[in-house]
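Student: My structure is in structure.cif, and what it holds is mmCIF, C-alpha atoms:
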```cif
data_work
#
loop_
_atom_site.label_atom_id
_atom_site.label_comp_id
_atom_site.auth_asym_id
_atom_site.auth_seq_id
_atom_site.Cartn_x
_atom_site.Cartn_y
_atom_site.Cartn_z
CA VAL T 1 0.00 0.00 0.00
CA ALA T 2 2.86 2.35 0.94
CA LEU T 3 4.67 1.64 -2.35
CA SER T 4 1.49 2.26 -4.34
CA ARG T 5 0.91 5.54 -2.49
CA ARG T 6 4.51 6.62 -3.15
CA ASN T 7 4.14 5.78 -6.86
CA GLY T 8 0.91 7.80 -7.00
CA ARG T 9 2.57 10.81 -5.39
CA SER T 10 5.55 10.49 -7.72
CA ARG T 11 3.26 10.51 -10.77
CA ALA T 12 1.33 13.48 -9.43
CA THR T 13 4.60 15.39 -8.94
CA LEU T 14 5.69 14.55 -12.47
CA ALA T 15 2.34 15.67 -13.89
CA PHE T 16 2.59 18.97 -11.99
CA LEU T 17 6.16 19.62 -13.22
CA VAL T 18 5.28 18.75 -16.82
CA LEU T 19 2.27 21.07 -16.73
CA THR T 20 4.43 23.85 -15.25
CA SER T 21 7.07 23.35 -17.96
CA VAL T 22 4.44 23.45 -20.71
CA THR T 23 3.02 26.65 -19.20
CA VAL T 24 6.48 28.25 -19.16
CA ILE T 25 7.11 27.18 -22.79
CA THR T 26 3.76 28.69 -23.78
CA LEU T 27 4.57 31.95 -21.98
CA ASP T 28 7.91 32.10 -23.82
CA ALA T 29 6.25 31.43 -27.17
CA ARG T 30 3.74 34.24 -26.59
CA ASP T 31 6.47 36.59 -25.38
CA ASP T 32 7.61 38.99 -28.11
CA GLY T 33 10.99 39.86 -26.60
CA ALA T 34 10.09 42.24 -23.81
CA GLY T 35 8.35 40.06 -21.25
CA VAL T 36 9.13 38.26 -18.01
CA VAL T 37 11.01 35.40 -19.67
CA ASP T 38 13.45 37.73 -21.41
CA ARG T 39 14.04 39.69 -18.22
CA VAL T 40 14.79 36.44 -16.37
CA ARG T 41 17.24 35.41 -19.08
CA ASP T 42 18.94 38.81 -19.12
CA THR T 43 19.36 38.78 -15.34
CA ALA T 44 20.72 35.24 -15.30
CA THR T 45 23.15 35.98 -18.14
CA ASP T 46 24.54 39.04 -16.32
CA ALA T 47 24.63 37.24 -12.96
CA PHE T 48 26.67 34.32 -14.29
CA ALA T 49 28.90 36.52 -16.47
CA PRO T 50 31.81 37.07 -13.99
CA VAL T 51 32.06 33.38 -13.14
CA ARG T 52 31.94 32.39 -16.79
CA ASP T 53 34.65 34.94 -17.61
CA ALA T 54 36.91 33.56 -14.88
CA ALA T 55 36.30 29.95 -15.90
CA GLY T 56 36.94 30.85 -19.53
CA ALA T 57 40.26 32.49 -18.70
CA VAL T 58 41.41 29.57 -16.56
CA LEU T 59 40.17 26.73 -18.71
CA SER T 60 40.78 27.97 -22.23
CA PRO T 61 44.26 26.29 -22.41
CA VAL T 62 42.68 23.01 -21.30
CA GLY T 63 39.91 23.50 -23.85
CA ASN T 64 42.50 24.12 -26.55
CA VAL T 65 44.22 20.85 -25.65
CA PHE T 66 40.87 19.01 -25.86
CA SER T 67 40.15 20.66 -29.18
CA GLY T 68 43.64 19.83 -30.47
CA ILE T 69 43.30 16.16 -29.54
CA THR T 70 39.80 15.64 -30.86
CA ASN T 71 40.34 17.64 -34.05
CA TYR T 72 43.80 16.29 -34.82
CA ASP T 73 42.77 15.07 -38.28
CA ASP T 74 41.29 18.46 -39.15
CA LEU T 75 44.48 20.18 -37.98
CA GLU T 76 46.58 17.86 -40.14
CA ASP T 77 44.35 18.66 -43.13
CA GLU T 78 44.68 22.37 -42.35
CA VAL T 79 48.47 22.13 -42.18
CA ALA T 80 48.53 20.24 -45.49
CA ARG T 81 46.29 22.86 -47.11
CA LEU T 82 48.43 25.72 -45.84
CA ARG T 83 51.63 24.01 -47.07
CA SER T 84 50.04 23.53 -50.46
CA GLU T 85 49.02 27.21 -50.57
CA LEU T 86 52.54 28.23 -49.56
CA ALA T 87 54.02 26.11 -52.35
CA GLU T 88 51.64 27.68 -54.88
CA ARG T 89 52.65 31.14 -53.73
CA ARG T 90 56.32 30.30 -54.09
CA VAL T 91 55.73 29.04 -57.62
CA ALA T 92 53.63 31.98 -58.68
CA PRO T 93 54.44 34.96 -56.45
CA ALA T 94 53.17 37.49 -58.92
CA GLN T 95 49.77 35.78 -59.15
CA ALA T 96 49.59 35.56 -55.39
CA ARG T 97 50.47 39.24 -54.99
CA ASP T 98 47.83 40.15 -57.52
CA ALA T 99 45.20 38.03 -55.78
CA GLU T 100 46.15 39.48 -52.42
CA ALA T 101 45.96 42.99 -53.78
CA GLN T 102 42.48 42.32 -55.18
CA LEU T 103 41.33 40.88 -51.87
CA ASP T 104 42.84 43.77 -49.91
CA GLU T 105 41.14 46.23 -52.21
CA LEU T 106 37.76 44.57 -51.72
CA LEU T 107 38.20 44.40 -47.97
CA ALA T 108 39.41 47.98 -47.85
CA GLN T 109 36.38 49.13 -49.82
CA ALA T 110 34.08 47.32 -47.42
CA GLU T 111 35.94 48.75 -44.42
CA LEU T 112 35.74 52.29 -45.83
CA ALA T 113 32.02 51.90 -46.25
CA TRP T 114 31.68 50.80 -42.64
CA VAL T 115 33.80 53.59 -41.27
CA ARG T 116 31.89 56.18 -43.23
CA ASP T 117 28.43 54.92 -42.51
CA TYR T 118 28.40 53.17 -39.15
CA SER T 119 30.34 53.10 -35.91
CA GLN T 120 31.78 49.82 -34.61
CA VAL T 121 31.95 48.37 -31.12
CA PRO T 122 34.98 46.12 -30.55
CA ALA T 123 34.16 43.17 -28.30
CA ARG T 124 35.85 40.11 -26.87
CA VAL T 125 34.36 36.63 -27.30
CA VAL T 126 33.86 35.32 -23.77
CA SER T 127 31.97 32.09 -24.23
CA ALA T 128 31.20 29.27 -26.56
CA PRO T 129 27.56 28.11 -26.72
CA VAL T 130 26.29 26.52 -23.50
CA SER T 131 24.02 24.10 -25.34
CA ASN T 132 25.13 21.64 -28.00
CA PHE T 133 22.22 22.78 -30.15
CA GLU T 134 23.22 26.45 -30.34
CA GLN T 135 25.64 27.95 -32.88
CA THR T 136 26.27 31.12 -30.94
CA ILE T 137 29.05 33.04 -29.21
CA GLU T 138 28.77 35.42 -26.28
CA LEU T 139 30.42 38.87 -26.29
CA ASP T 140 31.56 40.93 -23.31
CA LYS T 141 29.60 43.98 -24.46
CA GLY T 142 25.86 44.55 -24.21
CA ARG T 143 23.08 47.07 -24.22
CA ARG T 144 25.14 49.50 -22.11
CA ASP T 145 27.67 49.69 -24.97
CA GLY T 146 25.03 50.49 -27.54
CA ILE T 147 24.58 47.00 -28.93
CA ALA T 148 21.10 45.96 -30.02
CA VAL T 149 19.46 42.89 -31.50
CA ASP T 150 19.98 42.34 -35.27
CA MET T 151 23.28 44.25 -35.48
CA PRO T 152 25.79 42.50 -37.75
CA VAL T 153 29.10 41.26 -36.36
CA ILE T 154 32.38 41.05 -38.29
CA ALA T 155 35.89 39.83 -37.55
CA SER T 156 39.18 39.99 -39.41
CA GLY T 157 38.29 38.72 -42.82
CA GLY T 158 34.55 38.83 -42.93
CA LEU T 159 31.06 38.39 -41.59
CA VAL T 160 30.65 36.45 -38.36
CA GLY T 161 26.92 36.63 -37.66
CA ARG T 162 24.20 38.73 -36.14
CA VAL T 163 23.26 39.72 -32.59
CA VAL T 164 20.20 37.75 -31.47
CA ASP T 165 20.05 38.56 -27.78
CA VAL T 166 21.31 41.42 -25.60
CA SER T 167 21.45 41.91 -21.85
CA GLY T 168 23.03 44.81 -19.98
CA LYS T 169 26.60 43.50 -20.11
CA ARG T 170 26.48 40.70 -22.66
CA SER T 171 25.29 39.97 -26.17
CA VAL T 172 24.76 36.70 -28.01
CA VAL T 173 25.68 36.36 -31.67
CA ARG T 174 24.23 33.71 -33.96
CA LEU T 175 27.02 32.54 -36.24
CA ILE T 176 26.66 32.38 -40.01
CA THR T 177 27.22 28.60 -39.76
CA ASP T 178 23.96 28.20 -37.77
CA PRO T 179 21.30 26.47 -39.87
CA ARG T 180 18.91 29.33 -39.04
CA SER T 181 21.26 31.88 -40.60
CA ALA T 182 20.36 33.08 -44.12
CA ILE T 183 22.42 35.78 -45.85
CA GLY T 184 21.73 37.45 -49.16
CA VAL T 185 25.02 37.35 -51.12
CA ARG T 186 26.56 38.48 -54.42
CA ILE T 187 29.21 36.20 -55.88
CA GLY T 188 32.14 37.01 -58.13
CA ALA T 189 32.70 39.71 -60.71
CA ALA T 190 29.33 39.00 -62.34
CA ALA T 191 27.61 39.70 -59.00
CA GLU T 192 25.38 36.63 -59.17
CA THR T 193 22.92 36.72 -56.28
CA GLY T 194 21.95 33.91 -53.93
CA ILE T 195 21.14 33.11 -50.31
CA ALA T 196 23.88 31.56 -48.17
CA GLU T 197 22.63 29.29 -45.37
CA GLY T 198 24.54 27.71 -42.49
CA GLU T 199 25.06 23.96 -42.39
CA GLY T 200 26.50 23.56 -38.89
CA PRO T 201 29.94 23.97 -37.29
CA GLY T 202 32.98 23.25 -39.45
CA ARG T 203 30.89 23.04 -42.61
CA SER T 204 30.76 25.35 -45.58
CA LEU T 205 27.77 27.58 -46.28
CA SER T 206 25.33 26.37 -48.86
CA VAL T 207 24.17 28.98 -51.38
CA GLY T 208 20.72 28.61 -52.87
CA PHE T 209 18.90 30.40 -55.68
CA VAL T 210 22.00 30.75 -57.91
CA GLU T 211 20.89 30.55 -61.54
CA VAL T 212 22.12 27.53 -63.46
CA ASN T 213 23.75 29.67 -66.16
CA ALA T 214 25.49 32.01 -63.71
CA GLU T 215 29.28 32.29 -64.01
CA VAL T 216 30.45 31.09 -60.61
CA LYS T 217 33.83 29.46 -60.14
CA ARG T 218 36.03 28.20 -57.32
CA GLY T 219 37.79 31.05 -55.51
CA ASP T 220 35.18 33.71 -56.26
CA LEU T 221 34.50 36.09 -53.39
CA ALA T 222 30.97 36.33 -51.96
CA ILE T 223 29.88 39.55 -50.29
CA THR T 224 26.58 40.53 -48.71
CA SER T 225 24.08 41.81 -51.24
CA GLY T 226 22.12 43.99 -48.85
CA LEU T 227 19.02 42.14 -50.00
CA GLU T 228 16.93 40.24 -47.51
CA GLY T 229 17.97 36.59 -47.22
CA GLY T 230 15.43 34.55 -45.28
CA SER T 231 14.82 36.44 -42.04
CA ASP T 232 18.24 38.13 -41.84
CA LEU T 233 19.12 41.54 -43.26
CA TYR T 234 22.77 42.60 -43.55
CA PRO T 235 24.21 45.75 -45.04
CA ALA T 236 25.79 45.44 -48.49
CA ASP T 237 29.41 44.68 -49.37
CA VAL T 238 30.58 42.76 -46.31
CA PRO T 239 32.87 39.87 -47.35
CA VAL T 240 31.28 36.53 -46.41
CA GLY T 241 33.32 33.73 -47.97
CA ARG T 242 35.02 32.19 -50.98
CA VAL T 243 33.47 29.66 -53.33
CA VAL T 244 34.92 26.22 -52.70
CA ARG T 245 32.55 24.27 -54.92
CA ALA T 246 30.17 25.17 -57.74
CA ARG T 247 28.33 22.37 -59.50
CA LYS T 248 25.82 22.45 -62.29
CA ILE T 249 23.49 19.48 -62.04
CA GLU T 250 21.85 18.33 -65.23
CA GLY T 251 18.18 19.23 -65.35
CA ALA T 252 18.32 21.41 -62.24
CA LEU T 253 17.25 25.06 -62.31
CA GLN T 254 19.88 26.13 -59.80
CA GLN T 255 23.58 25.58 -59.20
CA ARG T 256 24.92 24.03 -56.06
CA VAL T 257 27.41 26.50 -54.62
CA GLU T 258 29.33 26.16 -51.38
CA LEU T 259 31.20 28.94 -49.58
CA GLU T 260 34.01 28.71 -47.07
CA PRO T 261 33.54 31.55 -44.54
CA LEU T 262 36.39 34.08 -44.58
CA ALA T 263 36.16 34.57 -40.80
CA ASP T 264 37.35 31.62 -38.73
CA VAL T 265 34.09 31.41 -36.77
CA GLY T 266 35.23 28.40 -34.75
CA HIS T 267 38.18 30.21 -33.15
CA LEU T 268 37.14 33.81 -32.64
CA ARG T 269 38.69 35.97 -29.92
CA PHE T 270 37.79 39.52 -30.93
CA VAL T 271 35.00 40.85 -33.15
CA LYS T 272 33.39 44.15 -34.09
CA VAL T 273 29.67 44.86 -33.81
CA ILE T 274 28.37 47.23 -36.47
CA ARG T 275 26.03 49.74 -34.88
CA MET T 276 23.48 49.93 -37.66
CA PRO T 277 20.54 52.24 -37.11
CA GLN T 278 17.55 50.16 -35.95
CA MET B 1 22.78 19.42 7.81
CA SER B 2 19.66 18.16 6.05
CA PRO B 3 19.29 17.50 2.30
CA SER B 4 17.14 20.62 1.98
CA VAL B 5 20.21 22.67 2.94
CA ARG B 6 22.68 20.73 0.77
CA VAL B 7 20.62 20.54 -2.43
CA PRO B 8 20.49 24.29 -3.38
CA PRO B 9 24.30 24.87 -3.32
CA PHE B 10 24.80 21.51 -5.04
CA VAL B 11 22.46 22.49 -7.89
CA LEU B 12 24.06 25.95 -8.13
CA VAL B 13 27.55 24.47 -8.43
CA MET B 14 26.30 22.10 -11.14
CA VAL B 15 24.75 25.04 -13.04
CA LEU B 16 28.08 26.87 -12.90
CA LEU B 17 29.88 23.76 -14.15
CA GLN B 18 27.38 23.43 -16.98
CA THR B 19 27.52 27.08 -18.04
CA ALA B 20 31.13 28.04 -17.31
CA VAL B 21 33.35 24.97 -17.26
CA PHE B 22 32.07 22.29 -19.61
CA PRO B 23 31.47 24.57 -22.63
CA GLN B 24 35.29 24.99 -22.60
CA LEU B 25 35.88 21.23 -22.61
CA ARG B 26 34.44 20.01 -25.87
CA VAL B 27 35.06 16.70 -27.59
CA PHE B 28 34.24 16.83 -31.31
CA ASN B 29 32.64 20.21 -30.55
CA VAL B 30 30.20 18.59 -28.10
CA ALA B 31 30.09 19.46 -24.38
CA ALA B 32 28.78 17.36 -21.48
CA ASP B 33 25.20 17.93 -20.32
CA VAL B 34 25.87 17.93 -16.59
CA LEU B 35 22.42 19.09 -15.49
CA LEU B 36 20.78 16.28 -17.42
CA LEU B 37 23.20 13.91 -15.71
CA VAL B 38 22.27 15.40 -12.31
CA ALA B 39 18.59 14.65 -13.03
CA ILE B 40 19.51 11.09 -13.96
CA GLY B 41 21.80 10.72 -10.92
CA ALA B 42 19.09 12.06 -8.59
CA GLY B 43 16.62 9.58 -10.10
CA VAL B 44 19.06 6.69 -9.69
CA VAL B 45 19.93 7.63 -6.11
CA GLY B 46 16.70 9.08 -4.77
CA GLY B 47 13.96 7.62 -6.95
CA PRO B 48 11.73 9.04 -9.69
CA GLU B 49 10.21 11.91 -7.71
CA ARG B 50 13.55 13.43 -6.71
CA GLY B 51 14.89 12.85 -10.23
CA ALA B 52 11.94 14.77 -11.67
CA VAL B 53 12.23 17.66 -9.18
CA LEU B 54 15.98 18.10 -9.54
CA GLY B 55 15.66 17.74 -13.31
CA PHE B 56 12.98 20.43 -13.42
CA VAL B 57 14.93 22.88 -11.25
CA GLY B 58 18.23 22.26 -13.06
CA GLY B 59 16.52 22.48 -16.45
CA LEU B 60 14.84 25.77 -15.57
CA LEU B 61 18.20 27.22 -14.51
CA ALA B 62 19.79 25.95 -17.73
CA ASP B 63 16.96 27.53 -19.73
CA SER B 64 17.64 30.86 -18.06
CA VAL B 65 21.16 31.04 -19.54
CA LEU B 66 20.27 29.53 -22.93
CA THR B 67 19.17 32.30 -25.23
CA THR B 68 18.02 30.78 -28.48
CA THR B 69 16.15 27.67 -27.31
CA PRO B 70 12.56 27.69 -26.02
CA PHE B 71 12.41 28.59 -22.33
CA GLY B 72 11.13 25.61 -20.34
CA LEU B 73 12.20 22.97 -22.84
CA SER B 74 15.20 21.81 -20.78
CA ALA B 75 13.03 21.78 -17.63
CA LEU B 76 10.46 19.58 -19.35
CA VAL B 77 13.00 17.16 -20.81
CA TYR B 78 15.20 16.90 -17.72
CA CYS B 79 12.28 16.24 -15.36
CA LEU B 80 10.92 13.51 -17.66
CA VAL B 81 14.36 11.90 -17.99
CA GLY B 82 15.03 12.13 -14.24
CA TRP B 83 11.68 10.51 -13.51
CA CYS B 84 12.22 7.72 -16.08
CA ALA B 85 15.77 7.02 -14.83
CA GLY B 86 14.46 6.77 -11.27
CA SER B 87 11.58 4.49 -12.27
CA PHE B 88 13.93 2.24 -14.23
CA GLN B 89 16.52 2.08 -11.48
CA THR B 90 14.02 1.14 -8.76
CA ARG B 91 12.90 -1.84 -10.82
CA ILE B 92 16.31 -3.44 -11.17
CA LEU B 93 18.89 -4.80 -8.79
CA HIS B 94 21.83 -2.46 -7.92
CA ALA B 95 24.21 -5.40 -8.03
CA THR B 96 26.91 -4.12 -10.37
CA TRP B 97 28.70 -0.80 -10.79
CA TRP B 98 28.05 -0.56 -14.51
CA ILE B 99 24.24 -0.52 -14.36
CA PRO B 100 24.05 3.16 -13.25
CA VAL B 101 26.76 4.04 -15.79
CA LEU B 102 24.84 2.36 -18.58
CA THR B 103 21.59 3.91 -17.35
CA ALA B 104 23.22 7.38 -17.40
CA ALA B 105 24.57 6.92 -20.93
CA ALA B 106 21.30 5.55 -22.34
CA ALA B 107 19.15 8.14 -20.52
CA THR B 108 21.39 10.98 -21.74
CA ALA B 109 21.10 9.82 -25.35
CA MET B 110 17.32 9.48 -25.00
CA GLY B 111 17.08 12.88 -23.29
CA THR B 112 19.08 14.54 -26.05
CA LEU B 113 16.86 12.97 -28.71
CA LEU B 114 13.77 14.07 -26.79
CA PHE B 115 15.16 17.62 -26.50
CA ALA B 116 15.78 17.76 -30.25
CA GLY B 117 12.41 16.21 -31.09
CA LEU B 118 10.38 18.51 -28.84
CA GLY B 119 12.49 21.46 -29.97
CA ALA B 120 11.61 20.65 -33.58
CA VAL B 121 7.92 20.49 -32.66
CA LEU B 122 8.32 23.95 -31.08
CA GLY B 123 9.76 25.42 -34.28
CA GLN B 124 13.47 24.62 -33.89
CA GLU B 125 13.66 22.32 -36.93
CA GLN B 126 17.44 22.80 -37.14
CA PHE B 127 17.81 20.58 -34.04
CA LEU B 128 17.06 17.60 -36.28
CA SER B 129 20.24 17.80 -38.34
CA TRP B 130 23.20 15.56 -39.13
CA ARG B 131 24.77 16.72 -35.84
CA LEU B 132 22.11 15.06 -33.69
CA LEU B 133 23.72 11.60 -33.74
CA PRO B 134 27.25 12.78 -32.81
CA ILE B 135 25.75 14.99 -30.09
CA CYS B 136 23.79 12.02 -28.66
CA GLY B 137 26.83 9.74 -28.82
CA VAL B 138 29.35 12.14 -27.28
CA THR B 139 27.02 13.41 -24.52
CA ALA B 140 26.23 9.77 -23.65
CA LEU B 141 29.97 9.04 -23.36
CA TRP B 142 30.47 12.16 -21.27
CA SER B 143 27.66 11.02 -18.95
CA ALA B 144 29.13 7.54 -18.65
CA ALA B 145 32.50 9.03 -17.69
CA LEU B 146 31.09 11.55 -15.20
CA CYS B 147 28.37 9.26 -13.79
CA PRO B 148 30.33 7.82 -10.80
CA ALA B 149 31.31 11.28 -9.53
CA VAL B 150 27.94 12.92 -10.15
CA THR B 151 26.01 9.99 -8.65
CA ARG B 152 28.15 10.19 -5.53
CA LEU B 153 27.54 13.93 -5.26
CA CYS B 154 23.78 13.37 -5.73
CA ARG B 155 23.87 10.81 -2.94
CA TRP B 156 25.69 13.30 -0.72
CA ALA B 157 23.13 16.01 -1.50
CA LEU B 158 19.99 13.88 -1.24
CA MET B 159 20.66 11.32 1.47
CA PRO B 160 20.08 12.05 5.15
CA ASP B 161 23.53 10.73 6.13
CA PRO B 162 26.06 12.32 3.73
CA THR B 163 29.15 10.80 5.38
CA ARG B 164 27.82 7.33 4.70
CA ALA B 165 26.75 8.36 1.20
CA LEU B 166 30.23 9.45 0.14
CA VAL B 167 31.82 6.12 1.08
CA MET B 168 29.03 4.04 -0.50
CA ARG B 169 29.66 2.64 -3.90
#
```
I need this file expressed as structure tokens, please.
Tutor:
Amino acid sequence: VALSRRNGRSRATLAFLVLTSVTVITLDARDDGAGVVDRVRDTATDAFAPVRDAAGAVLSPVGNVFSGITNYDDLEDEVARLRSELAERRVAPAQARDAEAQLDELLAQAELAWVRDYSQVPARVVSAPVSNFEQTIELDKGRRDGIAVDMPVIASGGLVGRVVDVSGKRSVVRLITDPRSAIGVRIGAAAETGIAEGEGPGRSLSVGFVEVNAEVKRGDLAITSGLEGGSDLYPADVPVGRVVRARKIEGALQQRVELEPLADVGHLRFVKVIRMPQ
Amino acid sequence: MSPSVRVPPFVLVMVLLQTAVFPQLRVFNVAADVLLLVAIGAGVVGGPERGAVLGFVGGLLADSVLTTTPFGLSALVYCLVGWCAGSFQTRILHATWWIPVLTAAAATAMGTLLFAGLGAVLGQEQFLSWRLLPICGVTALWSAALCPAVTRLCRWALMPDPTRALVMR
């Protein structure tokens, strides 16, 4: 009798907790970004921030060792790729200088546009995503520094992502590799347009809506088009990535194009948030 | 010192581990889900009701620092997994050391699948991607590795006699 009573109480507790969870989920779903749930999240993010900073500073060498061990094959591939690039540059220094000059010119043009039009907030990356299902990074600057939701974030080389959540002292950036990220891009000299979508960490971006007859080739630079891609809107002319694969499939109406992000989004330390007018 | 005094600091320390320490220690870009393991450990040690309660509280705290997942989803999943782990554990004999370890690994994998599945139902379709299987596998391995320590800490936090709990297998 006692066991049966205990089982009954246990089930009642479970039912109560499940109902409470469902209620909280419903409240969050109905919340449009300014309700109780967001305030709770903002407070918790700021409260845990100092401890997370300290743990990050202490444990980052250990984390790097873990990363080095578990990604040893990737590192070997990276070393091989860099050696191959170095060899190519030695063989054809003039070509390399020319390519570098073109890239520098494009980056400089983009940078000039930013400086002229918008101010930038430099920020340090303080945390990797807490959940395994998030493709985000956390920055040490927040609302107090003038950062707001939807502002684009860049790093040396190119686009990193977009701010999706801001508390007083912290902001969360969704990376361009997140499957929810969609960026309107222009590719190559012909400025072919498409929408680049994330495919997860360590994977290239997949570009959709590129016409089958478009002139896209390996090595072409992709920059933001300024056109709306999915739900994300970025300003024009920010470098995003280089084409690593462009395939025309027989009978298909679109090409399959893949981009390698210019910014190393897996190992970011410092970024700049573009303070676009909201 | 009663369990009601030991449990809050225990849960808080586990939240700090989950949010500050384990995100730095990733294997194949996957971190351990310590709060899910706490729910499982509480279920194994204290039965389904305690597993569900600790899972709910831990999940709610995890939800408060997660920014892009539905608030309450972790609480729902962790309390269900804690309850199931407790129900399963009370039905079998605690004869060997590896049964809780296996329970923790299997329950973590199931919990991760449930999280992704319910997340997809709530509009997070990207949870159901090619990464789901590696995430399930690596978090299950993490849980198996951390299970002895976390189970012992759960026993310390939940049992009336913590000195005895720490020396128990």
Student: Just need the residues of chain T within 8 Å of chain B, counting only C-alpha atoms, so spit them out as a short mmCIF file (atom, residue, chain, number, x, y, z; two decimals) with C-alpha atoms, keeping the file's coordinate frame.
Tutor:
```cif
data_model
loop_
_atom_site.label_atom_id
_atom_site.label_comp_id
_atom_site.auth_asym_id
_atom_site.auth_seq_id
_atom_site.Cartn_x
_atom_site.Cartn_y
_atom_site.Cartn_z
CA SER T 10 5.55 10.49 -7.72
CA ARG T 11 3.26 10.51 -10.77
CA THR T 13 4.60 15.39 -8.94
CA LEU T 14 5.69 14.55 -12.47
CA LEU T 17 6.16 19.62 -13.22
CA VAL T 18 5.28 18.75 -16.82
CA SER T 21 7.07 23.35 -17.96
CA VAL T 22 4.44 23.45 -20.71
CA VAL T 24 6.48 28.25 -19.16
CA ILE T 25 7.11 27.18 -22.79
CA ASP T 28 7.91 32.10 -23.82
CA ALA T 29 6.25 31.43 -27.17
CA VAL T 37 11.01 35.40 -19.67
CA VAL T 40 14.79 36.44 -16.37
CA ARG T 41 17.24 35.41 -19.08
CA ALA T 44 20.72 35.24 -15.30
CA THR T 45 23.15 35.98 -18.14
CA PHE T 48 26.67 34.32 -14.29
CA VAL T 51 32.06 33.38 -13.14
CA ARG T 52 31.94 32.39 -16.79
CA ASP T 53 34.65 34.94 -17.61
CA ALA T 55 36.30 29.95 -15.90
CA GLY T 56 36.94 30.85 -19.53
CA LEU T 59 40.17 26.73 -18.71
CA SER T 60 40.78 27.97 -22.23
CA VAL T 62 42.68 23.01 -21.30
CA GLY T 63 39.91 23.50 -23.85
CA PHE T 66 40.87 19.01 -25.86
CA SER T 67 40.15 20.66 -29.18
CA THR T 70 39.80 15.64 -30.86
CA ASN T 71 40.34 17.64 -34.05
CA SER T 127 31.97 32.09 -24.23
CA ALA T 128 31.20 29.27 -26.56
CA PRO T 129 27.56 28.11 -26.72
CA VAL T 130 26.29 26.52 -23.50
CA SER T 131 24.02 24.10 -25.34
CA ASN T 132 25.13 21.64 -28.00
CA PHE T 133 22.22 22.78 -30.15
CA GLU T 134 23.22 26.45 -30.34
CA VAL T 164 20.20 37.75 -31.47
CA ASP T 165 20.05 38.56 -27.78
CA VAL T 172 24.76 36.70 -28.01
CA PRO T 179 21.30 26.47 -39.87
CA ARG T 180 18.91 29.33 -39.04
CA GLY T 200 26.50 23.56 -38.89
#
```
Student: Would you mind reading off the distance between atom CA of T:Val257 and atom CA of T:Val240, one decimal, in Å?
Tutor: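 Calculated distance between atom CA of T:Val257 and atom CA of T:Val240 is 13.5 Å.
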Student: Expressed in Å to a single decimal, how great is the separation between atom CA of T:Arg245 and atom CA of T:Ala191?
Tutor: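 Those two atoms sit 16.7 Å apart.
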Student: Just give me the gap between atom CA of T:Val210 and atom CA of T:Ala196 in Å, one decimal is fine.
Tutor: 10.0 Å
Student: Going by the chain IDs and residue numbers used in this file, which residues fall under the PyMOL selection byres ((chain B and resi 89-106) around 7)? Write them as a list of chain:residue names.
Tutor: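 When the PyMOL selection byres ((chain B and resi 89-106) around 7) is applied, the selected residues are B:Leu37, B:Ile40, B:Val44, B:Gly47, B:Ala85, B:Gly86, B:Ser87, B:Phe88, B:Ala107, B:Thr108, B:Ala109, B:Met110, B:Ala140, B:Leu141, B:Ser143, B:Ala144, B:Cys147.
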Student: Expand the PyMOL selection byres ((chain T and resi 236) around 8) into the individual residues it matches in the shown file, reporting them as a list in words.
Tutor: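 For this structure, the PyMOL selection byres ((chain T and resi 236) around 8) resolves to Ile223, Thr224, Ser225, Gly226, Leu227, Tyr234, Pro235, Asp237 and Val238 of chain T.
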Student: Residues within 7 Å of stretch 260-268 of chain T, please, as a ChimeraX atom specification. Count all atoms listed in the file; anything in the same chain fewer than 3 positions from it doesn't count.
Tutor: /T:125,155-160,204-205,240-244
Student: Applied to the shown file, which residues does the PyMOL selection byres ((chain B and resi 45) around 8) return, written as number ranges by chain?
Tutor: B: 41-44, 46-47, 86, 151, 154-155, 158
Student: With C-alpha atoms retained, export the selected residues as a short mmCIF file (atom, residue, chain, number, x, y, z; two decimals), in the frame of the given file.
Tutor:
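Generated file (result-v9.cif):
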```cif
data_model
loop_
_atom_site.label_atom_id
_atom_site.label_comp_id
_atom_site.auth_asym_id
_atom_site.auth_seq_id
_atom_site.Cartn_x
_atom_site.Cartn_y
_atom_site.Cartn_z
CA GLY B 41 21.80 10.72 -10.92
CA ALA B 42 19.09 12.06 -8.59
CA GLY B 43 16.62 9.58 -10.10
CA VAL B 44 19.06 6.69 -9.69
CA GLY B 46 16.70 9.08 -4.77
CA GLY B 47 13.96 7.62 -6.95
CA GLY B 86 14.46 6.77 -11.27
CA THR B 151 26.01 9.99 -8.65
CA CYS B 154 23.78 13.37 -5.73
CA ARG B 155 23.87 10.81 -2.94
CA LEU B 158 19.99 13.88 -1.24
#
```
Student: Would you pick out the contacts of T:Val212 at 12 Å or less, using only C-alpha atoms, so that residues sharing its chain but fewer than 6 positions from it are not included, and give the list as a PyMOL selection string?
Tutor: chain T and resi 192-194+246-257
